[in-house]
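For reference, the structure discussed in these notes is given below.
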Amino acid sequence: MTSSAGLVLRLGLTLVVLLALAALLAPWIAPAGPNAQDILARLRAPTAAHWLGTDNFGRDVLSRVLFGLRTLFAVSALSVLGALGVGGSLGLLAAWQGGMVDRVVMRLADVLFAFPIILLAIGVIATLGPGASSAAVAIGVAYVPIFARTLRGPALQLRWCEYVEAARAIGASTPRILLRHLLPNLTSVIFVQASLSLSTAILVEASLSFLGLGTQPPTPSLGRMLAESRSFLTLSPWPAVFSGVAILLASLGFNLLGDGLAERLDPRLRGV
Amino acid sequence: MGRLLLRRGGDLLFVSFGVSLLSFLMIRLIPGDAVQLMLGANAEVTQSQIDALRHELGLDQSFVRQYIIWIGRLLHGDFGTSLTTGRPVLAEIAAAAGVTVELTVLGLVAAVLLAIPLGCAMTALRSPSASLAVRLLSIVGITVPSFWLGIMLLYGVSMLLPGWTVVGWRDLTADPGGNLRRVLLPAVSIALPVVASLARFLRAAMTDALHQDYVRTARAKGLAEHVVLLRHVLRNALIPFVTQAGIMAGYLFAGSVVVEQVFALPGLGRLMIGAVADRDYALVQAAILLATLVFVCVNAVVDLLYAAIDPRVRAA
């Protein structure tokens, strides 16, 4: 059991680190610019010169995938971090204050949670206009109630812990207790939820870009690349194949990481 | 049960109110003048047209009044008119919703029908390596983008069976064969990613049931192992499984909204994307509000059914 537990975590960590490095180093490791055209080599299958082939404008698919990963990670990481900041603070506040504050915050989270994520995102984008930053805000808003709920439960349990009472007894201020005593004990919960949320946020970002609501050209985007590749699918399926595989691997890495972390932190989950 | 019904009813009302308020705020939060944006860069727009549209949207009233007027209209079935087609928004949504609902339901049925035998087979295999394989498979499945799977299926089928894939929509009642032919691939694209995780859930529920006393009794009276599994373990595991499948309906709905774009199906997804591009705010707003309310109600019904079946939930 223990070996399989480590395996999922290791697989996830490896994928995430490799893809994050590829995205970070894209400007240095990509064989070409994301929009550089080689007119004579259009719609090529993978070759030694173009490892993943070329698209209908003769653009190198590998380079576009690498730069697309950058956008994908940037938008989803920004939205999940934002949601963690806002939702997490609200969850902590609700747990700490209890009573009316708790009820109001959690009811608001219920309302936001009622919307299917994709619909809420489309609504936000309808309001703000299509674009990468709108997509980040849209996804962030949709994940706020998830973090509020995830942090409130454990924080509520910790609130009555002896060491928290001890900190209160010696006169520690509320911000100090929240930041120095509660938050460090919630890091595991935060890491698991952030990792799993990133996995789905990546899929939502790709969906929005695919629908033309997210990242706009000329910024390279995997969802957009997949949408564009449909027009020449029968001539060359490679751009469609590789942009989709890149989205899948990015989402998979974070999901494995979250799943492996959750299991490591909660022994009851082992072997399920 | 009566108290539970009352409490859930209250929750339902509150969430519906909140959802309507947020949907209402959407148009109000558009930066700049929504009316100017909606009428676009058309130079021939007159002030009276602007005023008329502003009045129709109720933007010349106070905030609270606007909301009350809006809700009053909604309750009378008036969701406004589409800016692009001039038809009532509700009629546009009703026409498109059928496609999305059909796709979602078909996807859900396909996923459940595939997950049950898979889950049973996986329960029979109880080694740690089988557990790991099940776990990996379910994680990989759930991270496959359904719209990408749709494109790959479309490509594969067009290579293997040229001319099988067809465009243009056929209504289920008018042409069942043609309808099925158009909806089959999209339904498979949204169903396949969730099959493994549904099967994993069923396996967990069945493994849980395996350790119950009634299973030991069934074995003790000499029933064959497959009879124990199917008649006693599976039947009891199906209750949490059905709830989980209900939760998955939301996931499949999200998938179908995007996959419609791949297969050019005239569903809610296409309607909304078009409406966002055309700045047809009344249409976007109504579609989001109605679809969300349907989900809120479906979730409430699933919750109550679960409580009706399982007395332990009622007490909680």
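As shown in the structure tokens, the chain order sets the letters A, B, ...; within each chain, residues go from 1, and ligands are also counted from 1 in the order they appear.
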
Only residues of chain A matter here; which ones have an atom within 8 Å of chain B, counting only C-alpha atoms? Give them as a PDB file with N, CA and C atoms, in the first residue's frame.
```pdb
ATOM      1  N   MET A   1       0.826  -1.202   0.000  1.00  0.00           N
ATOM      2  CA  MET A   1       0.000   0.000   0.000  1.00  0.00           C
ATOM      3  C   MET A   1       0.861   1.252   0.000  1.00  0.00           C
ATOM      4  N   SER A   4       2.373   2.134  -3.319  1.00  0.00           N
ATOM      5  CA  SER A   4       1.446   2.699  -4.300  1.00  0.00           C
ATOM      6  C   SER A   4       1.092   4.139  -3.911  1.00  0.00           C
ATOM      7  N   VAL A   8       1.683   7.527  -6.691  1.00  0.00           N
ATOM      8  CA  VAL A   8       0.783   8.546  -7.229  1.00  0.00           C
ATOM      9  C   VAL A   8       1.358   9.945  -6.973  1.00  0.00           C
ATOM     10  N   ARG A 107     -23.808  31.180   3.751  1.00  0.00           N
ATOM     11  CA  ARG A 107     -24.976  31.256   2.868  1.00  0.00           C
ATOM     12  C   ARG A 107     -24.589  31.851   1.518  1.00  0.00           C
ATOM     13  N   LEU A 108     -23.731  32.882   1.552  1.00  0.00           N
ATOM     14  CA  LEU A 108     -23.251  33.484   0.306  1.00  0.00           C
ATOM     15  C   LEU A 108     -22.471  32.450  -0.504  1.00  0.00           C
ATOM     16  N   ASP A 110     -22.949  29.271  -0.395  1.00  0.00           N
ATOM     17  CA  ASP A 110     -23.944  28.341  -0.948  1.00  0.00           C
ATOM     18  C   ASP A 110     -24.500  28.862  -2.271  1.00  0.00           C
ATOM     19  N   VAL A 111     -24.801  30.179  -2.287  1.00  0.00           N
ATOM     20  CA  VAL A 111     -25.393  30.770  -3.496  1.00  0.00           C
ATOM     21  C   VAL A 111     -24.415  30.665  -4.662  1.00  0.00           C
ATOM     22  N   LEU A 112     -23.163  31.056  -4.402  1.00  0.00           N
ATOM     23  CA  LEU A 112     -22.155  31.034  -5.456  1.00  0.00           C
ATOM     24  C   LEU A 112     -21.896  29.594  -5.914  1.00  0.00           C
ATOM     25  N   ALA A 114     -23.999  27.260  -6.030  1.00  0.00           N
ATOM     26  CA  ALA A 114     -25.140  26.685  -6.751  1.00  0.00           C
ATOM     27  C   ALA A 114     -24.954  26.771  -8.260  1.00  0.00           C
ATOM     28  N   PHE A 115     -24.183  27.758  -8.726  1.00  0.00           N
ATOM     29  CA  PHE A 115     -23.980  27.905 -10.164  1.00  0.00           C
ATOM     30  C   PHE A 115     -23.026  26.827 -10.682  1.00  0.00           C
ATOM     31  N   PRO A 116     -23.384  26.146 -11.786  1.00  0.00           N
ATOM     32  CA  PRO A 116     -22.375  25.313 -12.427  1.00  0.00           C
ATOM     33  C   PRO A 116     -21.197  26.201 -12.836  1.00  0.00           C
ATOM     34  N   ILE A 117     -19.958  25.738 -12.571  1.00  0.00           N
ATOM     35  CA  ILE A 117     -18.781  26.585 -12.761  1.00  0.00           C
ATOM     36  C   ILE A 117     -18.719  27.209 -14.150  1.00  0.00           C
ATOM     37  N   ILE A 118     -19.007  26.396 -15.171  1.00  0.00           N
ATOM     38  CA  ILE A 118     -18.870  26.911 -16.536  1.00  0.00           C
ATOM     39  C   ILE A 118     -19.876  28.035 -16.794  1.00  0.00           C
ATOM     40  N   LEU A 119     -21.084  27.922 -16.206  1.00  0.00           N
ATOM     41  CA  LEU A 119     -22.101  28.964 -16.410  1.00  0.00           C
ATOM     42  C   LEU A 119     -21.714  30.245 -15.692  1.00  0.00           C
ATOM     43  N   LEU A 120     -21.233  30.108 -14.469  1.00  0.00           N
ATOM     44  CA  LEU A 120     -20.798  31.285 -13.714  1.00  0.00           C
ATOM     45  C   LEU A 120     -19.667  31.988 -14.473  1.00  0.00           C
ATOM     46  N   ILE A 122     -19.065  31.867 -17.720  1.00  0.00           N
ATOM     47  CA  ILE A 122     -19.607  32.520 -18.920  1.00  0.00           C
ATOM     48  C   ILE A 122     -20.292  33.830 -18.537  1.00  0.00           C
ATOM     49  N   GLY A 123     -21.007  33.816 -17.414  1.00  0.00           N
ATOM     50  CA  GLY A 123     -21.679  35.033 -16.946  1.00  0.00           C
ATOM     51  C   GLY A 123     -20.692  36.143 -16.644  1.00  0.00           C
ATOM     52  N   VAL A 124     -19.618  35.800 -15.922  1.00  0.00           N
ATOM     53  CA  VAL A 124     -18.614  36.807 -15.576  1.00  0.00           C
ATOM     54  C   VAL A 124     -17.964  37.354 -16.842  1.00  0.00           C
ATOM     55  N   ALA A 126     -19.311  37.427 -19.827  1.00  0.00           N
ATOM     56  CA  ALA A 126     -20.293  38.261 -20.527  1.00  0.00           C
ATOM     57  C   ALA A 126     -20.251  39.678 -19.965  1.00  0.00           C
ATOM     58  N   THR A 127     -20.010  39.781 -18.657  1.00  0.00           N
ATOM     59  CA  THR A 127     -19.971  41.090 -18.015  1.00  0.00           C
ATOM     60  C   THR A 127     -18.672  41.831 -18.312  1.00  0.00           C
ATOM     61  N   LEU A 128     -17.538  41.126 -18.205  1.00  0.00           N
ATOM     62  CA  LEU A 128     -16.230  41.786 -18.320  1.00  0.00           C
ATOM     63  C   LEU A 128     -15.694  41.815 -19.748  1.00  0.00           C
ATOM     64  N   SER A 199      -6.111  21.502 -10.986  1.00  0.00           N
ATOM     65  CA  SER A 199      -6.380  20.483 -11.999  1.00  0.00           C
ATOM     66  C   SER A 199      -7.660  20.793 -12.762  1.00  0.00           C
ATOM     67  N   THR A 200      -8.730  21.172 -12.046  1.00  0.00           N
ATOM     68  CA  THR A 200      -9.984  21.461 -12.747  1.00  0.00           C
ATOM     69  C   THR A 200      -9.963  22.857 -13.364  1.00  0.00           C
ATOM     70  N   LEU A 203      -8.704  22.749 -16.791  1.00  0.00           N
ATOM     71  CA  LEU A 203      -9.700  22.302 -17.763  1.00  0.00           C
ATOM     72  C   LEU A 203     -10.705  23.413 -18.083  1.00  0.00           C
ATOM     73  N   SER A 207     -11.323  25.120 -21.645  1.00  0.00           N
ATOM     74  CA  SER A 207     -12.675  25.147 -22.226  1.00  0.00           C
ATOM     75  C   SER A 207     -13.038  26.561 -22.669  1.00  0.00           C
ATOM     76  N   LEU A 211     -13.743  27.938 -26.412  1.00  0.00           N
ATOM     77  CA  LEU A 211     -14.999  28.561 -26.819  1.00  0.00           C
ATOM     78  C   LEU A 211     -14.791  29.981 -27.336  1.00  0.00           C
ATOM     79  N   LEU A 226      -6.470  24.248 -30.036  1.00  0.00           N
ATOM     80  CA  LEU A 226      -7.315  23.090 -30.294  1.00  0.00           C
ATOM     81  C   LEU A 226      -8.514  23.497 -31.146  1.00  0.00           C
ATOM     82  N   ARG A 230      -9.290  22.435 -35.614  1.00  0.00           N
ATOM     83  CA  ARG A 230     -10.409  21.666 -36.158  1.00  0.00           C
ATOM     84  C   ARG A 230     -10.605  21.919 -37.641  1.00  0.00           C
ATOM     85  N   LEU A 233      -8.367  19.463 -39.537  1.00  0.00           N
ATOM     86  CA  LEU A 233      -8.205  18.201 -38.818  1.00  0.00           C
ATOM     87  C   LEU A 233      -7.920  17.028 -39.757  1.00  0.00           C
ATOM     88  N   THR A 234      -8.644  16.933 -40.877  1.00  0.00           N
ATOM     89  CA  THR A 234      -8.463  15.782 -41.765  1.00  0.00           C
ATOM     90  C   THR A 234      -7.146  15.877 -42.529  1.00  0.00           C
ATOM     91  N   PRO A 237      -3.941  15.921 -38.184  1.00  0.00           N
ATOM     92  CA  PRO A 237      -4.543  15.894 -36.843  1.00  0.00           C
ATOM     93  C   PRO A 237      -3.551  16.260 -35.741  1.00  0.00           C
ATOM     94  N   ALA A 240      -4.076  19.190 -33.185  1.00  0.00           N
ATOM     95  CA  ALA A 240      -5.209  18.881 -32.303  1.00  0.00           C
ATOM     96  C   ALA A 240      -4.798  17.844 -31.257  1.00  0.00           C
ATOM     97  N   VAL A 241      -4.077  16.813 -31.703  1.00  0.00           N
ATOM     98  CA  VAL A 241      -3.649  15.753 -30.781  1.00  0.00           C
ATOM     99  C   VAL A 241      -2.776  16.341 -29.677  1.00  0.00           C
ATOM    100  N   GLY A 244      -4.281  18.955 -27.140  1.00  0.00           N
ATOM    101  CA  GLY A 244      -5.147  18.269 -26.181  1.00  0.00           C
ATOM    102  C   GLY A 244      -4.360  17.477 -25.164  1.00  0.00           C
ATOM    103  N   ILE A 247      -2.964  19.767 -22.501  1.00  0.00           N
ATOM    104  CA  ILE A 247      -3.979  20.163 -21.508  1.00  0.00           C
ATOM    105  C   ILE A 247      -4.202  19.009 -20.529  1.00  0.00           C
ATOM    106  N   LEU A 248      -4.361  17.794 -21.089  1.00  0.00           N
ATOM    107  CA  LEU A 248      -4.602  16.610 -20.268  1.00  0.00           C
ATOM    108  C   LEU A 248      -3.475  16.402 -19.255  1.00  0.00           C
ATOM    109  N   SER A 251      -3.463  19.011 -16.409  1.00  0.00           N
ATOM    110  CA  SER A 251      -4.531  18.758 -15.446  1.00  0.00           C
ATOM    111  C   SER A 251      -4.241  17.490 -14.640  1.00  0.00           C
ATOM    112  N   LEU A 252      -3.750  16.470 -15.341  1.00  0.00           N
ATOM    113  CA  LEU A 252      -3.439  15.186 -14.699  1.00  0.00           C
ATOM    114  C   LEU A 252      -2.379  15.337 -13.608  1.00  0.00           C
ATOM    115  N   ASN A 255      -3.848  16.770 -10.528  1.00  0.00           N
ATOM    116  CA  ASN A 255      -4.819  15.869  -9.906  1.00  0.00           C
ATOM    117  C   ASN A 255      -4.115  14.735  -9.168  1.00  0.00           C
ATOM    118  N   LEU A 256      -3.077  14.170  -9.795  1.00  0.00           N
ATOM    119  CA  LEU A 256      -2.298  13.111  -9.137  1.00  0.00           C
ATOM    120  C   LEU A 256      -1.637  13.654  -7.878  1.00  0.00           C
ATOM    121  N   GLY A 271      -5.819   3.016  -0.116  1.00  0.00           N
ATOM    122  CA  GLY A 271      -6.374   1.795  -0.673  1.00  0.00           C
ATOM    123  C   GLY A 271      -7.801   1.915  -1.166  1.00  0.00           C
ATOM    124  N   VAL A 272      -8.398   3.113  -1.124  1.00  0.00           N
ATOM    125  CA  VAL A 272      -9.765   3.272  -1.621  1.00  0.00           C
ATOM    126  C   VAL A 272      -9.731   3.373  -3.145  1.00  0.00           C
TER     127      VAL A 272
END
```

Got a sec: who's within 10 Å of A:Gly6, counting only C-alpha atoms, leaving out chain neighbours fewer than 6 positions off, as a compact mmCIF listing (two decimals) with C-alpha atoms, in the first residue's frame?
```txt
# COMPACT_ATOMS: atom_id res chain seq x y z
CA GLY A 12 2.09 13.89 -9.96
CA GLY A 260 -1.34 11.63 -3.54
CA LEU A 261 -1.06 14.44 -0.98
CA GLU A 263 -3.73 10.17 0.87
CA ARG A 264 -0.44 10.88 2.56
```

query: Quick one: DSSP helix (DSSP H, G or I) residues in stretch 25-193 of chain B, as a count of residues only?
result: 118

task: Give me, please, the distance in Å between atom CA of B:Gly119 and atom CA of B:Leu192, quoted to one decimal.
output: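 Distance reported for this atom pair: 14.2 Å.
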
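Shortest separation to A:Ser195 among A:Leu81, A:Leu208, A:Cys161, A:Ala142 occurs at residue A:Leu81, atoms counted being only C-alpha atoms.
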
- prompt: Near B:Arg235, within 12 Å and counting only C-alpha atoms, which residues show up once chain neighbours fewer than 2 positions away are dropped, as a list in words?
  reply: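 In the requested format, the answer is Ile116, Cys120, Leu202, Ala205, Met206, Ala209, Leu210, Val215, Val227, Val228, Leu229, Leu230, Arg231, His232, Val233, Ala237, Leu238, Ile239, Pro240, Phe241 and Val242 of chain B.
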
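By chain and then residue number, the residues within 8 Å of stretch 45-61 of chain A are A:Pro31, A:Ala32, A:Pro34, A:Asn35, A:Ala36, A:Gln37, A:Asp38, A:Ile39, A:Leu40, A:Ala41, A:Arg42, A:Arg64, A:Val65, A:Ser229, A:Phe232, A:Ser236, A:Trp238, A:Pro239, A:Phe242, counting only C-alpha atoms and disregarding those fewer than 3 positions away in sequence.
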